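Dropping work22.txt in here (compact mmCIF, C-alpha atoms and all ligand atoms):
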# COMPACT_ATOMS: atom_id res chain seq x y z
CA MET I 1 13.92 22.28 -3.11
CA SER I 2 10.63 20.84 -1.87
CA LEU I 3 9.15 21.77 1.49
CA LYS I 4 10.29 18.57 3.19
CA ASN I 5 13.37 17.72 1.08
CA GLN I 6 12.26 14.08 1.27
CA THR I 7 10.80 11.68 -1.29
CA VAL I 8 8.16 9.01 -0.82
CA LEU I 9 7.86 6.07 -3.21
CA ILE I 10 4.34 4.61 -3.32
CA THR I 11 3.28 1.45 -5.16
CA GLY I 12 -0.28 1.02 -6.37
CA ALA I 13 -0.56 4.81 -6.55
CA SER I 14 -2.86 4.80 -9.58
CA SER I 15 -5.99 3.87 -7.65
CA GLY I 16 -7.83 3.64 -4.35
CA ILE I 17 -5.80 3.83 -1.15
CA GLY I 18 -2.44 4.45 -2.90
CA ALA I 19 -3.80 7.44 -4.84
CA GLU I 20 -5.09 9.05 -1.62
CA ILE I 21 -1.78 8.38 0.17
CA ALA I 22 0.01 10.10 -2.73
CA LYS I 23 -2.19 13.19 -2.50
CA LYS I 24 -1.73 13.37 1.28
CA PHE I 25 2.09 13.25 1.04
CA ALA I 26 1.97 15.82 -1.78
CA ARG I 27 -0.04 18.20 0.43
CA GLU I 28 2.55 17.72 3.18
CA GLY I 29 5.41 18.80 0.91
CA TYR I 30 7.11 15.54 -0.10
CA ASP I 31 8.47 14.74 -3.56
CA LEU I 32 6.85 11.60 -4.95
CA LEU I 33 7.65 8.62 -7.14
CA LEU I 34 4.38 6.90 -7.99
CA LEU I 35 4.26 3.35 -9.34
CA GLY I 36 1.33 1.52 -10.92
CA ARG I 37 0.45 -0.38 -14.06
CA ASN I 38 -1.96 2.01 -15.72
CA GLU I 39 -0.07 5.05 -17.01
CA ASP I 40 -3.19 7.17 -17.68
CA ARG I 41 -4.43 6.72 -14.13
CA LEU I 42 -0.95 7.48 -12.77
CA LYS I 43 -0.88 10.70 -14.82
CA LYS I 44 -4.26 11.70 -13.39
CA VAL I 45 -3.05 11.18 -9.81
CA GLN I 46 0.17 13.06 -10.68
CA SER I 47 -1.92 16.02 -11.86
CA GLU I 48 -3.80 15.95 -8.55
CA CYS I 49 -0.55 16.09 -6.54
CA VAL I 50 -0.51 19.85 -6.88
CA ASN I 51 2.68 21.75 -6.02
CA ALA I 52 4.63 18.52 -5.46
CA LYS I 53 7.53 17.32 -7.58
CA THR I 54 6.10 14.04 -8.81
CA GLU I 55 7.50 11.34 -11.09
CA ILE I 56 5.57 8.31 -12.30
CA LEU I 57 6.62 4.92 -13.63
CA ALA I 58 4.18 2.40 -15.10
CA PHE I 59 5.08 -1.30 -15.07
CA ASP I 60 3.85 -4.63 -13.76
CA LEU I 61 5.21 -5.50 -10.31
CA ILE I 62 5.58 -9.09 -11.53
CA GLU I 63 8.88 -7.85 -13.00
CA VAL I 64 10.27 -5.38 -10.47
CA ASN I 65 13.90 -6.32 -11.04
CA LYS I 66 13.71 -5.40 -14.75
CA PHE I 67 12.78 -1.85 -13.71
CA SER I 68 15.26 -1.29 -10.89
CA SER I 69 17.54 0.97 -12.91
CA ALA I 70 14.55 3.00 -14.20
CA ILE I 71 13.41 3.46 -10.58
CA LYS I 72 16.89 4.58 -9.50
CA THR I 73 17.06 7.04 -12.42
CA LYS I 74 13.73 8.60 -11.47
CA LEU I 75 14.77 8.79 -7.80
CA SER I 76 18.00 10.57 -8.76
CA THR I 77 15.93 13.55 -9.98
CA LEU I 78 14.09 13.91 -6.64
CA SER I 79 14.95 14.70 -3.01
CA PRO I 80 16.52 11.83 -1.01
CA ILE I 81 14.11 8.92 -0.57
CA THR I 82 13.08 8.51 3.07
CA VAL I 83 9.72 6.69 2.81
CA LEU I 84 8.64 3.57 0.91
CA ILE I 85 4.98 2.57 0.95
CA ASN I 86 4.34 -0.96 -0.25
CA ASN I 87 0.65 -0.58 -1.03
CA ALA I 88 -0.02 -2.35 -4.36
CA GLY I 89 -2.14 -5.44 -4.05
CA ILE I 90 -4.51 -7.80 -5.79
CA TYR I 91 -7.36 -9.70 -4.20
CA LYS I 92 -8.46 -12.96 -5.83
CA PRO I 93 -10.96 -14.67 -3.52
CA GLY I 94 -11.96 -18.27 -4.11
CA SER I 95 -12.37 -21.52 -2.24
CA PHE I 96 -9.25 -23.58 -1.57
CA LEU I 97 -9.95 -26.11 -4.31
CA GLU I 98 -10.91 -23.44 -6.85
CA THR I 99 -7.78 -21.35 -6.31
CA GLN I 100 -5.24 -22.24 -8.98
CA GLU I 101 -1.51 -22.38 -8.31
CA SER I 102 -1.11 -19.42 -10.69
CA GLU I 103 -3.36 -17.31 -8.41
CA TRP I 104 -1.28 -18.23 -5.36
CA ILE I 105 1.87 -17.24 -7.25
CA SER I 106 0.55 -13.95 -8.64
CA GLN I 107 -0.83 -12.83 -5.27
CA PHE I 108 2.43 -13.70 -3.50
CA GLN I 109 4.43 -11.88 -6.20
CA VAL I 110 2.36 -8.67 -6.26
CA ASN I 111 1.32 -8.49 -2.60
CA LEU I 112 4.56 -9.64 -0.95
CA LEU I 113 7.60 -10.31 -3.14
CA SER I 114 7.41 -7.01 -5.04
CA ALA I 115 7.44 -5.26 -1.66
CA VAL I 116 10.49 -7.26 -0.62
CA GLN I 117 12.26 -6.44 -3.92
CA LEU I 118 11.53 -2.71 -3.70
CA THR I 119 12.58 -2.59 -0.06
CA GLN I 120 15.88 -4.25 -1.01
CA LEU I 121 16.31 -1.56 -3.65
CA VAL I 122 15.96 1.41 -1.26
CA TRP I 123 17.34 -0.12 1.97
CA PRO I 124 21.04 0.68 1.20
CA GLU I 125 20.08 4.36 0.75
CA PHE I 126 18.13 4.34 4.03
CA LYS I 127 21.11 2.71 5.73
CA LYS I 128 23.60 5.16 4.28
CA ASN I 129 21.47 8.17 5.36
CA LYS I 130 20.58 6.64 8.75
CA LYS I 131 16.96 7.47 8.01
CA GLY I 132 14.17 5.49 6.40
CA SER I 133 10.58 4.42 6.83
CA VAL I 134 8.89 1.42 5.24
CA LEU I 135 5.12 1.13 5.47
CA ASN I 136 3.51 -2.11 4.38
CA ILE I 137 -0.21 -2.13 3.61
CA SER I 138 -1.47 -5.50 4.81
CA SER I 139 -5.11 -6.30 5.73
CA THR I 140 -7.29 -7.37 8.65
CA LEU I 141 -7.45 -10.64 6.71
CA GLY I 142 -3.75 -11.07 7.49
CA ILE I 143 -4.70 -11.33 11.18
CA LYS I 144 -8.19 -12.81 11.00
CA PRO I 145 -8.68 -14.68 7.70
CA THR I 146 -12.06 -15.78 6.39
CA ALA I 147 -13.08 -18.78 4.28
CA GLY I 148 -12.46 -18.29 0.58
CA THR I 149 -9.56 -15.86 1.00
CA GLY I 150 -6.75 -18.32 1.74
CA ALA I 151 -4.13 -17.18 -0.76
CA TYR I 152 -4.73 -13.44 -0.28
CA SER I 153 -4.87 -13.74 3.52
CA ALA I 154 -1.64 -15.76 3.56
CA THR I 155 0.17 -13.02 1.59
CA LYS I 156 -1.05 -10.41 4.07
CA ALA I 157 -0.12 -12.53 7.13
CA ALA I 158 3.36 -13.00 5.67
CA MET I 159 3.63 -9.26 5.19
CA ILE I 160 2.87 -8.61 8.87
CA ASN I 161 5.43 -11.17 9.99
CA TRP I 162 8.06 -9.76 7.61
CA THR I 163 7.35 -6.23 8.93
CA LEU I 164 8.19 -7.34 12.47
CA SER I 165 11.40 -9.05 11.40
CA LEU I 166 12.55 -6.14 9.23
CA ALA I 167 11.87 -3.65 12.03
CA GLN I 168 14.37 -5.59 14.17
CA GLU I 169 17.00 -5.26 11.45
CA GLY I 170 16.40 -1.59 10.75
CA GLY I 171 16.37 -0.12 14.24
CA ALA I 172 20.12 0.37 14.65
CA ASP I 173 20.20 2.38 11.39
CA ASN I 174 17.15 4.49 12.29
CA ILE I 175 15.05 2.65 9.70
CA ARG I 176 11.46 2.23 10.85
CA VAL I 177 9.18 -0.52 9.50
CA ASN I 178 5.46 -0.51 10.19
CA CYS I 179 2.29 -2.01 8.86
CA ILE I 180 -1.32 -0.93 8.45
CA CYS I 181 -4.14 -3.43 8.32
CA PRO I 182 -7.14 -1.82 6.60
CA GLY I 183 -10.61 -3.29 6.91
CA ILE I 184 -13.21 -2.90 4.16
CA VAL I 185 -12.41 0.23 2.15
CA ASP I 186 -14.46 1.49 -0.80
CA THR I 187 -12.01 1.05 -3.71
CA PRO I 188 -11.99 -0.67 -7.10
CA ILE I 189 -10.48 -3.79 -5.50
CA HIS I 190 -14.08 -4.69 -4.57
CA ASP I 191 -16.77 -5.54 -7.15
CA PHE I 192 -19.27 -3.38 -5.24
CA HIS I 193 -17.22 -0.26 -5.96
CA SER I 194 -18.50 -0.04 -9.53
CA MET I 195 -22.08 -1.27 -8.97
CA ASN I 196 -25.04 1.03 -9.53
CA SER I 197 -25.97 2.94 -6.39
CA GLU I 198 -28.94 0.71 -5.47
CA SER I 199 -26.90 -2.52 -5.58
CA LYS I 200 -23.91 -0.86 -3.99
CA ASN I 201 -26.00 0.43 -1.07
CA LYS I 202 -27.37 -3.05 -0.53
CA VAL I 203 -23.93 -4.65 -0.39
CA THR I 204 -22.24 -1.91 1.63
CA SER I 205 -24.99 -1.67 4.23
CA GLN I 206 -24.59 -5.41 4.82
CA MET I 207 -20.81 -4.92 5.08
CA SER I 208 -21.23 -1.94 7.39
CA SER I 209 -22.93 -4.20 9.90
CA TYR I 210 -19.68 -6.21 10.22
CA GLN I 211 -17.89 -3.20 11.75
CA LEU I 212 -18.02 -1.79 15.27
CA LEU I 213 -18.28 1.67 13.70
CA SER I 214 -21.18 1.10 11.38
CA PHE I 215 -19.70 2.27 8.09
CA ILE I 216 -17.05 1.05 5.70
CA GLY I 217 -13.85 3.03 5.18
CA GLN I 218 -12.84 5.53 2.52
CA PRO I 219 -9.31 5.62 1.04
CA SER I 220 -8.66 8.91 2.86
CA ASP I 221 -9.21 7.16 6.22
CA VAL I 222 -6.22 4.94 5.47
CA ALA I 223 -4.20 7.76 3.86
CA GLU I 224 -4.34 9.90 7.03
CA SER I 225 -3.12 6.98 9.16
CA ALA I 226 -0.46 6.12 6.57
CA TYR I 227 0.92 9.65 6.70
CA PHE I 228 0.91 9.62 10.49
CA ILE I 229 2.81 6.35 10.81
CA ALA I 230 5.18 6.61 7.83
CA SER I 231 6.25 10.25 8.28
CA ASP I 232 8.45 11.83 10.94
CA LEU I 233 5.33 12.36 13.09
CA SER I 234 5.95 8.77 14.23
CA ARG I 235 9.73 8.93 14.48
CA TRP I 236 9.71 6.69 17.60
CA THR I 237 7.35 4.03 16.20
CA THR I 238 8.64 0.87 14.57
CA GLY I 239 7.37 -2.70 14.36
CA SER I 240 3.78 -1.60 14.86
CA VAL I 241 0.75 -3.18 13.22
CA LEU I 242 -2.00 -0.59 13.09
CA SER I 243 -5.59 -1.65 12.45
CA VAL I 244 -7.55 0.94 10.47
CA ASP I 245 -10.69 -1.04 10.07
CA GLY I 246 -13.76 0.40 11.79
CA GLY I 247 -13.24 -2.24 14.47
CA ILE I 248 -14.01 -5.22 12.22
CA GLY I 249 -10.85 -6.92 13.44
CA ILE I 250 -12.16 -7.33 16.99
CA LYS I 251 -15.85 -7.80 16.25
N1 LIG I 301 -9.91 -1.86 -0.23
C1 LIG I 301 -9.91 -2.69 0.80
O1 LIG I 301 -10.97 -3.05 1.34
C2 LIG I 301 -8.62 -3.20 1.36
C3 LIG I 301 -8.65 -3.87 2.59
C4 LIG I 301 -7.47 -4.36 3.14
C5 LIG I 301 -6.28 -4.19 2.46
N2 LIG I 301 -6.27 -3.56 1.26
C6 LIG I 301 -4.99 -3.43 0.57
O2 LIG I 301 -4.78 -2.07 0.23
C7 LIG I 301 -3.90 -2.02 -0.90
C8 LIG I 301 -4.49 -1.05 -1.92
O3 LIG I 301 -5.69 -1.61 -2.42
P1 LIG I 301 -6.92 -0.73 -2.95
O4 LIG I 301 -8.09 -1.16 -2.15
O5 LIG I 301 -6.56 0.67 -3.03
O6 LIG I 301 -7.12 -1.40 -4.38
P2 LIG I 301 -7.13 -0.81 -5.87
O7 LIG I 301 -7.91 0.46 -5.91
O8 LIG I 301 -7.53 -1.94 -6.73
O9 LIG I 301 -5.61 -0.45 -6.13
C9 LIG I 301 -4.63 -1.44 -6.30
C10 LIG I 301 -3.36 -0.79 -6.80
O10 LIG I 301 -2.36 -1.81 -6.96
C11 LIG I 301 -1.83 -1.71 -8.28
N3 LIG I 301 -1.46 -3.02 -8.80
C12 LIG I 301 -2.19 -4.16 -8.76
N4 LIG I 301 -1.53 -5.14 -9.40
C13 LIG I 301 -0.38 -4.61 -9.84
C14 LIG I 301 0.72 -5.12 -10.58
N5 LIG I 301 0.76 -6.40 -10.99
N6 LIG I 301 1.74 -4.30 -10.89
C15 LIG I 301 1.71 -3.00 -10.50
N7 LIG I 301 0.71 -2.45 -9.78
C16 LIG I 301 -0.32 -3.26 -9.47
C17 LIG I 301 -2.95 -1.13 -9.11
O11 LIG I 301 -2.37 -0.55 -10.26
P3 LIG I 301 -3.22 -0.36 -11.65
O12 LIG I 301 -4.55 0.20 -11.26
O13 LIG I 301 -2.39 0.62 -12.40
O14 LIG I 301 -3.31 -1.71 -12.25
C18 LIG I 301 -3.55 -0.12 -8.15
O15 LIG I 301 -2.82 1.07 -8.18
C19 LIG I 301 -3.76 -3.44 -1.41
O16 LIG I 301 -2.55 -3.99 -0.95
C20 LIG I 301 -4.93 -4.16 -0.75
O17 LIG I 301 -4.67 -5.53 -0.58
C21 LIG I 301 -7.40 -3.05 0.70
When written as structure tokens, how does the structure in this file appear?
Amino acid sequence: MSLKNQTVLITGASSGIGAEIAKKFAREGYDLLLLGRNEDRLKKVQSECVNAKTEILAFDLIEVNKFSSAIKTKLSTLSPITVLINNAGIYKPGSFLETQESEWISQFQVNLLSAVQLTQLVWPEFKKNKKGSVLNISSTLGIKPTAGTGAYSATKAAMINWTLSLAQEGGADNIRVNCICPGIVDTPIHDFHSMNSESKNKVTSQMSSYQLLSFIGQPSDVAESAYFIASDLSRWTTGSVLSVDGGIGIK
């Protein structure tokens, strides 16, 4: 039996913020089910989740429902699921007229609907056990959108609103639902992440000036907050929207 006798399911665990959240929960003694598209990257993160019982499943969140029985089979080999972290996301900026309908649909499917589908999958278990925690990873753009991010920002705003509604439904069954809004975090979702160090420094020092704290975030900054709010440390917190953003949201 694992240290915590609890399992966390994390989407988008093959990269960036999701990979750091996985390693944090592994260190804290959870079993893990890690989802992503890229199997090699998932295997690498799995190997870094030392001493934790970790399963992986690679598929595209465009087709969650096709994989629901595979997810249930993997979960049946682990401790009871108590935490779901809806972290996977894609960011396709573009002006309103440039953004194709297909980009609206794919961002809504990956960033929002897949989270809804996975939550529907685990909710009955949470309800039966009278214990569950859903953490949605939204964005500061879901609160304070900028030009050229309309579709992405709309998915993240919808996620915040859905968090608040779901928290109302879950309370009586001891199911908590919370949301984190990260600011600018250094991950592969941004083009600057893979630039050479000179170009990257140029871009990130400009971005740092947008924050109150004058540096951009690292995935571990979000992972620590995610563990705090999704685990039993926050057993009395539900319906909260936590900004982890260096203060960019109020600047
Ligand atoms: N980084 C930031 O500045 C920032 C700011 C605010 C909010 N966020 C949010 O934080 C979350 C994590 O982003 P990140 O910055 O860590 O980005 P990332 O490094 O690009 O990671 C994105 C993750 O989502 C997965 N994913 C994307 N499309 C998928 C699909 N169709 N099916 C299955 N998995 C898919 C990726 O899997 P594969 O790699 O296997 O394809 C990857 O694991 C996202 O929801 C993002 O919107 C990020």
Counting only C-alpha atoms, the residue among I:Ala151, I:Ala19, I:Val244, I:Leu233 that lies closest to I:Ser95 is I:Ala151
Find the nearest atom pair between each residue of stretch 214-235 of chain I and stretch 172-175 of chain I for residues within 12 Å, count all atoms listed in the file, give distances in Å to one decimal, sort rows by chain and ascending number, and present the table as a tab-separated table.
residue	atom	partner	partner_atom	distance
I:Ala230	CA	I:Ile175	CA	10.8
I:Ser231	CA	I:Ile175	CA	11.7
I:Asp232	CA	I:Ile175	CA	11.4
I:Ser234	CA	I:Ile175	CA	11.9
I:Arg235	CA	I:Asn174	CA	8.9
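Taking atom CA of I:Gln100 and atom C14 of ligand LIG 301 (chain I) as the two end points, the separation is 18.2 Å.
Atom pair atom CA of I:Gln120 / atom CA of I:Val185: separated by 28.8 Å.
Comparing I:Lys144, I:Lys127, I:Lys200, I:Arg37 by their smallest distance to I:Gly183, the closest is I:Lys144 (using only C-alpha atoms).
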Select the residues contacting ligand LIG 301 (chain I) at a distance of at most 8 Å, based on only C-alpha atoms and all ligand atoms, then format the selection as an MDAnalysis selection string. chainID I and resid 11:19 35:39 41:42 58:62 86:91 106 110:111 137:141 152 156 181:190 217 219
Size and centre in Å, one decimal, axis-aligned box, all listed stretch 210-228 of chain I atoms plus 3 Å per side, as JSON:
{"center_x": -10.1, "center_y": 1.8, "center_z": 8.2, "size_x": 28.1, "size_y": 22.1, "size_z": 20.2}
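Around I:Ser209, within 12 Å and counting only C-alpha atoms, the residues found are Ile184, Lys202, Val203, Thr204, Ser214, Phe215, Ile216, Gly246, Gly247, Ile248 and Lys251 of chain I, once anything fewer than 5 positions away on its own chain is removed.
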List the spatial neighbours of I:Trp162 as a list in words - criterion: any atom at most 12 Å away, all atoms listed in the file, same-chain residues fewer than 4 positions off excluded. Leu112, Leu113, Ala115, Val116, Thr119, Val134, Leu135, Asn136, Ile137, Ser138, Gly142, Thr155, Lys156, Ala157, Ala158, Leu166, Ala167, Gln168, Glu169, Val177, Asn178, Cys179, Gly239, Ser240 and Val241 of chain I
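Taking atom CA of I:Asp40 and atom CA of I:Glu125 as endpoints, the distance between them is 29.8 Å.
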Selected residue of minimal separation from I:Ile160 among I:Ser205, I:Ser102, I:Ser243, I:Ser68, counting all atoms listed in the file: I:Ser243
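Ranking I:Gly148, I:Gly171, I:Lys24, I:Gly249 by their shortest atom-to-atom distance to I:Tyr210, with only C-alpha atoms included, puts I:Gly249 first.
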Go through I:Lys74, I:Lys130, I:Lys66, I:Lys44 and flag the residue nearest I:Ser114, using only C-alpha atoms for the distances. I:Lys66
Would you save stretch 47-106 of chain I from the block above with C-alpha atoms, as a short mmCIF file (atom, residue, chain, number, x, y, z; two decimals), in the first residue's frame?
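Saved result, out.cif, follows:
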data_model
loop_
_atom_site.label_atom_id
_atom_site.label_comp_id
_atom_site.auth_asym_id
_atom_site.auth_seq_id
_atom_site.Cartn_x
_atom_site.Cartn_y
_atom_site.Cartn_z
CA SER I 47 10.65 7.26 -14.17
CA GLU I 48 11.09 10.51 -12.25
CA CYS I 49 8.17 9.71 -9.92
CA VAL I 50 10.47 7.67 -7.74
CA ASN I 51 8.96 5.34 -5.14
CA ALA I 52 5.42 6.05 -6.34
CA LYS I 53 3.11 3.51 -7.96
CA THR I 54 2.58 5.19 -11.31
CA GLU I 55 0.56 4.20 -14.37
CA ILE I 56 0.55 6.08 -17.66
CA LEU I 57 -1.89 6.23 -20.57
CA ALA I 58 -1.14 8.03 -23.83
CA PHE I 59 -4.03 9.26 -25.98
CA ASP I 60 -5.46 12.44 -27.46
CA LEU I 61 -7.97 14.18 -25.20
CA ILE I 62 -10.04 14.92 -28.30
CA GLU I 63 -11.37 11.38 -27.79
CA VAL I 64 -11.66 10.92 -24.03
CA ASN I 65 -14.79 8.79 -24.19
CA LYS I 66 -13.06 6.14 -26.33
CA PHE I 67 -10.54 5.65 -23.52
CA SER I 68 -12.87 5.63 -20.52
CA SER I 69 -12.67 1.88 -19.98
CA ALA I 70 -8.84 1.93 -20.32
CA ILE I 71 -8.73 4.68 -17.67
CA LYS I 72 -10.98 2.68 -15.33
CA THR I 73 -8.83 -0.44 -15.84
CA LYS I 74 -5.65 1.46 -14.93
CA LEU I 75 -7.35 3.02 -11.89
CA SER I 76 -8.46 -0.41 -10.67
CA THR I 77 -4.78 -1.34 -10.14
CA LEU I 78 -4.12 1.71 -7.92
CA SER I 79 -5.32 3.08 -4.56
CA PRO I 80 -8.77 4.74 -4.58
CA ILE I 81 -8.82 7.89 -6.71
CA THR I 82 -9.31 11.01 -4.57
CA VAL I 83 -7.79 13.78 -6.73
CA LEU I 84 -8.30 14.75 -10.38
CA ILE I 85 -6.15 17.50 -11.86
CA ASN I 86 -7.43 18.84 -15.17
CA ASN I 87 -4.22 20.43 -16.37
CA ALA I 88 -3.83 19.61 -20.09
CA GLY I 89 -4.16 22.59 -22.35
CA ILE I 90 -3.29 24.09 -25.71
CA TYR I 91 -2.73 27.75 -26.45
CA LYS I 92 -3.38 28.97 -29.99
CA PRO I 93 -3.16 32.77 -30.01
CA GLY I 94 -4.39 34.75 -33.00
CA SER I 95 -6.55 37.73 -33.83
CA PHE I 96 -10.31 37.22 -33.92
CA LEU I 97 -10.52 37.15 -37.72
CA GLU I 98 -7.49 34.87 -38.07
CA THR I 99 -8.76 32.28 -35.58
CA GLN I 100 -10.45 29.48 -37.49
CA GLU I 101 -13.52 27.67 -36.21
CA SER I 102 -11.40 24.51 -35.94
CA GLU I 103 -9.08 26.31 -33.46
CA TRP I 104 -12.05 27.39 -31.34
CA ILE I 105 -13.31 23.79 -31.32
CA SER I 106 -9.96 22.15 -30.53
#
